Every structure is written in structure tokens, then in C-alpha cells.
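Read the structure below first, then the notes.
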Amino acid sequence: MGMADGGSVGQRDWKRRESLASALVQVALVAVLLGAAVAYVVHRGRVRQETDTRLKAAQGLAQRGNPADLQKALQELDALFAVDPDVYGAHALAADIQAELWLEHHQPGAEARAREHLARAEALESKDVERYGARVVRARVMLSEGKASEAEQALKALRDRGASNPKLWLTQARTLQALGNLQGARQAFSRATDGAWRDPRFAAAYGEALLEEGLFAQANEALGRALSANSDHLQARLTSALAWLYLEKPKEAERLLQEVQAREAELTPVLKARMLAARAELGLAQGHPDEAIKSADAALALLPDEPYALFSRARALAARKDPGARAAFESAVAKHRTAPLLYLEGAKALQAAGDGAGALALLDTYEAIFRGVQVPAGEGKTVSALERDDRYWLARGGVLEAAGQQDASLAAYEQAIAVKGPALARAKYAKGLLLLARKDYPKAREALEPLTPDTGAGPLPEAYTAMGAVLFGQGDYATGCQHYFVALTRDRARSVPLDELQARAASVAKQLTEAGQAGMAKTWKAETDALLK
């Protein structure tokens with residue numbers, strides 16, 4: 001019994017002593033763990049707060065779009081990585097910025113850093129559809145490597161999963177542009193720009209794409225949106241200067257160029273090349289092709305693929321009737337295969353230089369590039385982009401007409417009219433002029449009548465001049481004079497040089513006199529002298 005009792009007491013003492021010690025240890029352990037947990041939570045909170053702050057700062061700087069701003073954004077991200085090297089969003093943004101510096105500004109070392117951040121972001125990227133920034137950058141890299149079809153497939157896979165943001169649509173637009181689907185590219189550029197209206201890079205990219213299509217007024221509008229987002233955006237300013245030059249407003253362009261010149265220290269080689277290309281175009285506008293060639297060559301020494309330098313140089317050679325103009329245009333389009341401006345305006349320049357064969361060859365190349373591109377035609381159908389390209393058919397008709405191939409030219413104009421697109425009025429006018437040259441007055445009148453309403457509000461003032469000639473050809477001098485007068489009035493309002501208008505008025509008076517309409521010629525002279533005084 002005693003032993004039993006003693007054993008029982010000893011066992012109870014042992015349990016009591018163990019419970020007390022254990023409790024103390026557990027209290028201490030809990031205190032340590034709790035302290036560590038609190039310290040960890042506080043530390044992670046501070047880290048999260050700092051990374052969030054720096055990421056937002058980097059995003060804001062990147063949104064300004066200039067190379068210097070992008071470099072400042074990268075400095076914020078470097079500071080972020082020193083605190084936490086595994087922030088997915090920061091690596092995705094760094095990859096995007098470095099890709100911009102690499103692909104748009106050709107900055108040394110940017111390609112390697114872009115690929116490094118891209119690989120890191122892809123390693124951190126989750127399967128969540130909302131986290132796909134790195135995949136968009138990857139598609140852009142594919143595009144830079146000439147893998148437009150692969151980039152399109154990668155973007156499609158993202159869209160199929162519900163992905164949609166401005167950067168995705170910007171990359172989509174560039175991809176479609178590279179594939180020659182310019183209609184789809186415009187829609188994607190517009191969607192990207194609308195979604196990122198605060199970032200000038202998006203509207204600037206859209207403006208440049210429109211400029212490459214030769215849509216100068218629309219390009220200037222898009223570039224204006226870029227400058228509204230950041231009036232100091234250098235690339236938008238330089239490209240806007242080109243748009244003003246193509247719109248034949250050199251004073252606006254020169255003002256922009258002077259403003260950018262004052263900030264030359266901020267210009268990357270790419271921006272310097274763009275400025276020199278604009279200078280080349282300004283030289284052409286001022287009638288100095290030799291100066292244009294000098295500026296274009298300087299631009300190409302910095303950036304051999306600068307499209308507008310290649311274009312200006314080729315046009316300057318054509319203006320000098322240099323035999324090398326054709327090769328210069330061919331070199332330009334070889335490096336920028338889906339830029340209609342280079343083909344369509346290039347063909348006009350070669351034609352004006354007397355190289356009709358070169359002009360036609362350039363348009364043949366254009367046709368080969370765009371013939372296979374399919375665009376929507378409604379009800380789930382598609383057609384060749386070439387069938388809907390009224391500007392191409394209009395340009396081709398002009399070249400064929402100048403070459404004396406009137407029947408082929410007329411067929412091209414008919415093709416342009418059938419599209420019923422933006423060039424409809426121009427196509428009808430061209431057809432009317434061709435028929436007028438053939439002295440086929442009834443058909444010429446039929447073509448020009450939709451363009452010359454009696455109100456005088458037709459889309460083309462020159463169409464009234466052509467209709468005046470048609471009516472004179474038919475012996476309807478009174479109505480013909482009315483149309484000629486509308487044309488003079490419209491051109492007077494457009495500030496056409498007075499001596500040019502006076503010469504046109506004198507020519508009409510001479511025709512009236514020679515046709516035995518002396519009284520009408522006297523009245524015409526009195527009316528036009530009052531208008532043109």
C-alpha cells in the first residue's frame with residue numbers, strides 16, 4: 001500500500017512539476033512566436049507599402065512617355081527590387097519599359113534587360129487571366145523578331161481567355177499592321193488609345209500608323225491627342241511636324257521643330273533621326289531638294305530604317321529627276337512593306353519625274369503585298385483588302401493614264417468608284433477628267449454632276465472647273481461660266497495665289513471670245529475683276 005501510495009504521490013509531483021515548467025516554456029515560446037509574427041507582419045506591411053508606392057511612381061513616370069521619363073521609372077523599379085526582388089507587376093513593367101527603349105529608341109543594353117525582366121516576370125506569372133502583362137511583352141518581342149503570325153496567335157490565346165487592356169490592343173494593332181491588315185490595325189489602335197488616353201505613347205503610335213497610310217489629317221488628330229496627354233512628348237511633336245508638312249503647313253512644322261531642337265540633349269538617336277527626317281521634308285517643302293537629301297542622309301546615318309528619311313530622300317531624288325529615285329523608293333518599301341504612303345506617293349513622284357515604268361512597278365509591288373490580305377465584308381464574309389482599297393486603284397489609274405493607257409486607267413477609276421470609300425469624289429473627278437480629255441462630254445458630265453451641285457458646295461472646287469470645260473464643250477456657255485465662277489470663288493477663299501486665279505479667268509474670257517461670245521466675255525471680265533481685285 002505504502003509503496004503504492006508513495007508511487008502515486010511521486011507521479012503526481014512529477015506531473016505537477018512538468019506542467020509548470022511546460023507552461024513557462026510555452027508562454028515564452030508563444031511570446032517569441034507572437035513577437036516574430038508581429039515583426040514579420042509589420043515588415044511585410046512596410047515592404048508592401050514601399051513596393052506599391054514605388055510601382056505607382058514608376059507607372060506614373062512611364063506614362064509620360066519620353067525616354068528620360070522611362071529611365072526615371074526604371075530607377076524607381078530598381079529601388080523596388082532592392083526591397084523585394086519578386087514583385088511580378090514590377091518585372092512586367094520593367095520588361096515593357098525596356099522593350100520600349102529597345103524597340104522604339106534603340107537604347108544600348110535595353111534588349112538584354114528587357115529579356116531578363118521578361119523571363120523573371122514569366123517565371124512569377126500566375127495562371128490568373130488578369131496577370132498577363134509579360135505575355136503581351138513576349139508577343140511584342142516576337143513581332144520584333146519578324147514572327148508576326150506567332151505574335152497574333154499568342155495575342156489571340158490571351159483574348160480567348162478574356163484578356164483585354166490598352167497594351168494588349170496596342171501590340172495587337174502593331175501585329176495587324178505588320179500582317180498588312182491595316183483596317184483591323186486602325187480599329188485596334190483606336191481601342192488602345194481610348195483605353196490609355198492619359199499615356200501619349202498610345203496616341204502617338206496611332207498617329208504614326210495613320211501617317212504611314214498617308215491619312216494626314218487623321219494622323220494629326222491622333223497626334224494632337226498625344227500632345228493633349230503630354231504636351232512635351234517629343235516623338236509626338238516630331239511626328240506631328242511631319243504631318244503638318246504633308247498637309248502643306250510648313251510654318252506649324254517649323255515651330256514644332258524649333259521647340260524640339262531646344263531640347264536636343266534629351267533626344268535619343270531615334271528621335272534625332274526623326275527630327276532630321278522632318279528637316280528633310282521641310283527642305284522639300286521649301287523647294288530645296290539638295291538640302292533635303294543632306295538631312296535625310298544624316299538621319300539614315302543614325303537610323304538606317306527611318307521611314308520618313310528614306311521617303312524624303314527618294315522624293316528629293318525624284319524632284320531632281322535623278323535616275324536613282326526608283327531604287328531609293330524600292331529600298332524604302334522593302335524596309336517598310338505595309339506603309340501605303342511610300343508606295344502611293346512614291347508612284348506619283350516617279351510619274352512626275354518621268355519614270356512611269358518605275359511608278360507602275362512600285363504599285364505592282366504594293367498589289368503583291370496586299371492582295372492576299374483578307375478584311376471583313378459583312379455577314380461573316382471576307383474580301384481581299386485590295387478590292388476595298390480605293391486609294392490604290394485611284395493611284396494606279398493616274399499612272400496608267402499618264403502612260404497613255406486610257407482604257408486600263410478608266411477601269412482602275414471604275415474600280416475605285418465601286419469601293420464607295422473615302423476616295424470616291426477623287427475617283428469620280430479623275431474619271432471625269434479622263435473623259436473630258438477624250439472629249440466624251442456626255443459621259444464626263446455624268447461623272448462630274450454629283451460633285452458639282454448648283455449650291456456650289458461640292459467636295460472639290462476643281463471639279464467645278466472641269467464641269468465648266470465640259471459645258472463649254474457642249475456649247476452651254478452661260479452655265480459653264482457659272483461653274484467656272486464657283487471654282488474661282490472657292491479658290492479665292494482658299495487663298496490660292498491671285499495671279500494664278502487671274503490667269504484662269506483670262507483663259508475663260510479668251511475661250512468665250514473665240515467662241516463668238518463677246519458680250520458674255522465682257523460680263524465675265526467685269527464679274528471676275530470684282531472678285532479678284
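Letters for chains follow the order of the C-alpha cells (A, B, ...), residue numbers begin at 1 for each chain, and ligand numbers begin at 1 in the order shown.
Using only C-alpha atoms, the protein and nucleic acid residues lying no more than 6 Å from segment 73-86 of chain A, apart from those fewer than 6 places from it along its own chain, are Thr51, Arg54, Ala58, Leu61 and Ala62 of chain A.
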Next, the residues of the selection above should be written as a CSV table (one decimal), in the first residue's frame with N, CA, C and O atoms.
```csv
chain,number,residue,atom,x,y,z
A,51,THR,N,6.8,48.9,-51.9
A,51,THR,CA,6.8,48.4,-53.3
A,51,THR,C,5.6,49.0,-54.0
A,51,THR,O,5.7,49.4,-55.2
A,54,ARG,N,6.4,52.7,-54.9
A,54,ARG,CA,7.4,52.8,-56.0
A,54,ARG,C,6.8,52.3,-57.3
A,54,ARG,O,7.1,52.9,-58.4
A,58,ALA,N,6.6,54.6,-60.6
A,58,ALA,CA,7.2,54.1,-61.9
A,58,ALA,C,6.1,54.2,-63.0
A,58,ALA,O,6.4,54.6,-64.1
A,61,LEU,N,5.6,57.8,-64.0
A,61,LEU,CA,6.7,58.3,-64.9
A,61,LEU,C,6.6,57.7,-66.2
A,61,LEU,O,6.9,58.4,-67.2
A,62,ALA,N,6.4,56.4,-66.3
A,62,ALA,CA,6.4,55.7,-67.6
A,62,ALA,C,5.3,56.3,-68.5
A,62,ALA,O,5.4,56.4,-69.7
```
Compile the contact shell of segment 290-294 of chain A as an MDAnalysis selection string: residues with an atom at most 12 Å away, counting only C-alpha atoms, same-chain residues fewer than 3 positions apart removed.
-> chainID A and resid 276:287 297:301 308:320 322 325 328
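Interatomic distance, atom CA of Asp390 of chain A against atom CA of Arg445 of chain A: 21.7 Å.
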As an NGL selection string, which residues of segment 61-282 of chain A does DSSP assign to helix (DSSP H, G or I)?
-> :A and (61-62 or 67-83 or 88-103 or 110-124 or 133-144 or 148-160 or 166-178 or 182-195 or 200-212 or 216-229 or 234-246 or 250-261 or 264-266 or 269-282)
List the neighbours of segment 211-213 of chain A out to 10 Å using only C-alpha atoms; skip same-chain residues closer than 6 positions along the sequence, and give me the result as an MDAnalysis selection string.
-> chainID A and resid 182 205 219:220 222:223 239:240 242:243 246 307:308 336 338:344
One decimal place gives the atom CA of Ala505 of chain A-atom CA of Gly480 of chain A separation as 12.6 Å
Leaving out segment 112-114 of chain A and any residue of its chain fewer than 6 positions from it, which residues lie within 7 Å of it when counting only C-alpha atoms, given as a PyMOL selection string?
-> chain A and resi 95+98-99
For the residues selected in the previous step, produce a file with N, CA and C atoms as a PDB file, in the first residue's frame.
```pdb
ATOM      1  N   ALA A  95       9.992  45.094 -67.957  1.00  0.00           N
ATOM      2  CA  ALA A  95      10.138  44.469 -69.277  1.00  0.00           C
ATOM      3  C   ALA A  95       9.513  45.334 -70.350  1.00  0.00           C
ATOM      4  N   GLN A  98      11.731  48.547 -70.828  1.00  0.00           N
ATOM      5  CA  GLN A  98      12.977  48.218 -71.526  1.00  0.00           C
ATOM      6  C   GLN A  98      12.704  47.852 -72.986  1.00  0.00           C
ATOM      7  N   ALA A  99      11.572  47.181 -73.246  1.00  0.00           N
ATOM      8  CA  ALA A  99      11.206  46.871 -74.628  1.00  0.00           C
ATOM      9  C   ALA A  99      10.949  48.156 -75.408  1.00  0.00           C
TER      10      ALA A  99
END
```
Hey, what's within 12 Å of Gly354 of chain A if we count only C-alpha atoms and toss same-chain stuff fewer than 2 positions away? As a list in words, please?
-> Ala318, Ala319, Arg320, Lys321, Asp322, Pro323, Ala325, Arg326, Ala347, Lys348, Ala349, Leu350, Gln351, Ala352, Gly356, Ala357, Gly358, Ala359, Leu360, Val399, Ala402 and Ala403 of chain A
Quick one: of A:Ala196, A:Leu176, A:Leu471, A:Leu155, who's nearest to Val373 of chain A, counting only C-alpha atoms?
-> A:Leu176
Could you give me, as a compact mmCIF listing (two decimals) with all heavy atoms, in the first residue's frame, each residue of segment 244-401 of chain A that DSSP assigns to strand (DSSP E or B) when run on this structure's backbone?
```txt
# COMPACT_ATOMS: atom_id res chain seq x y z
N GLN A 374 -6.93 39.55 -96.16
CA GLN A 374 -8.40 39.48 -96.14
C GLN A 374 -8.96 40.41 -95.07
O GLN A 374 -8.45 40.48 -93.96
CB GLN A 374 -8.85 38.04 -95.87
CG GLN A 374 -8.48 37.05 -96.96
CD GLN A 374 -9.24 37.30 -98.25
OE1 GLN A 374 -10.47 37.37 -98.26
NE2 GLN A 374 -8.51 37.43 -99.35
N VAL A 375 -10.03 41.11 -95.43
CA VAL A 375 -10.70 42.01 -94.47
C VAL A 375 -12.19 41.66 -94.45
O VAL A 375 -12.72 41.11 -95.41
CB VAL A 375 -10.51 43.49 -94.87
CG1 VAL A 375 -9.04 43.88 -94.80
CG2 VAL A 375 -11.06 43.77 -96.25
N PRO A 376 -12.88 41.97 -93.33
CA PRO A 376 -14.31 41.64 -93.23
C PRO A 376 -15.14 42.35 -94.30
O PRO A 376 -14.87 43.50 -94.65
CB PRO A 376 -14.68 42.14 -91.83
CG PRO A 376 -13.39 42.19 -91.08
CD PRO A 376 -12.35 42.55 -92.09
N ALA A 377 -16.14 41.62 -94.82
CA ALA A 377 -17.03 42.19 -95.83
C ALA A 377 -18.50 42.08 -95.42
O ALA A 377 -19.38 42.24 -96.24
CB ALA A 377 -16.82 41.49 -97.17
N GLY A 378 -18.76 41.80 -94.14
CA GLY A 378 -20.13 41.68 -93.65
C GLY A 378 -20.68 40.28 -93.80
O GLY A 378 -20.26 39.52 -94.68
N LYS A 381 -18.37 37.21 -94.14
CA LYS A 381 -17.56 37.04 -95.34
C LYS A 381 -16.32 37.93 -95.28
O LYS A 381 -16.26 38.89 -94.51
CB LYS A 381 -18.37 37.37 -96.59
CG LYS A 381 -19.59 36.48 -96.80
CD LYS A 381 -20.35 36.90 -98.04
CE LYS A 381 -21.59 36.02 -98.25
NZ LYS A 381 -22.36 36.44 -99.45
N THR A 382 -15.33 37.60 -96.11
CA THR A 382 -14.13 38.42 -96.23
C THR A 382 -13.82 38.64 -97.71
O THR A 382 -14.25 37.87 -98.56
CB THR A 382 -12.91 37.76 -95.57
OG1 THR A 382 -12.62 36.51 -96.23
CG2 THR A 382 -13.15 37.51 -94.09
N VAL A 383 -13.09 39.72 -97.96
CA VAL A 383 -12.64 40.00 -99.33
C VAL A 383 -11.18 40.44 -99.25
O VAL A 383 -10.67 40.78 -98.19
CB VAL A 383 -13.48 41.12 -99.99
CG1 VAL A 383 -14.92 40.70 -100.15
CG2 VAL A 383 -13.37 42.42 -99.20
N SER A 384 -10.53 40.45 -100.40
CA SER A 384 -9.16 40.93 -100.45
C SER A 384 -9.13 42.42 -100.09
O SER A 384 -9.96 43.20 -100.54
CB SER A 384 -8.58 40.73 -101.86
OG SER A 384 -7.37 41.43 -102.00
```
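The spacing separating atom CA of Ala226 of chain A from atom CA of Ala185 of chain A amounts to 18.0 Å.
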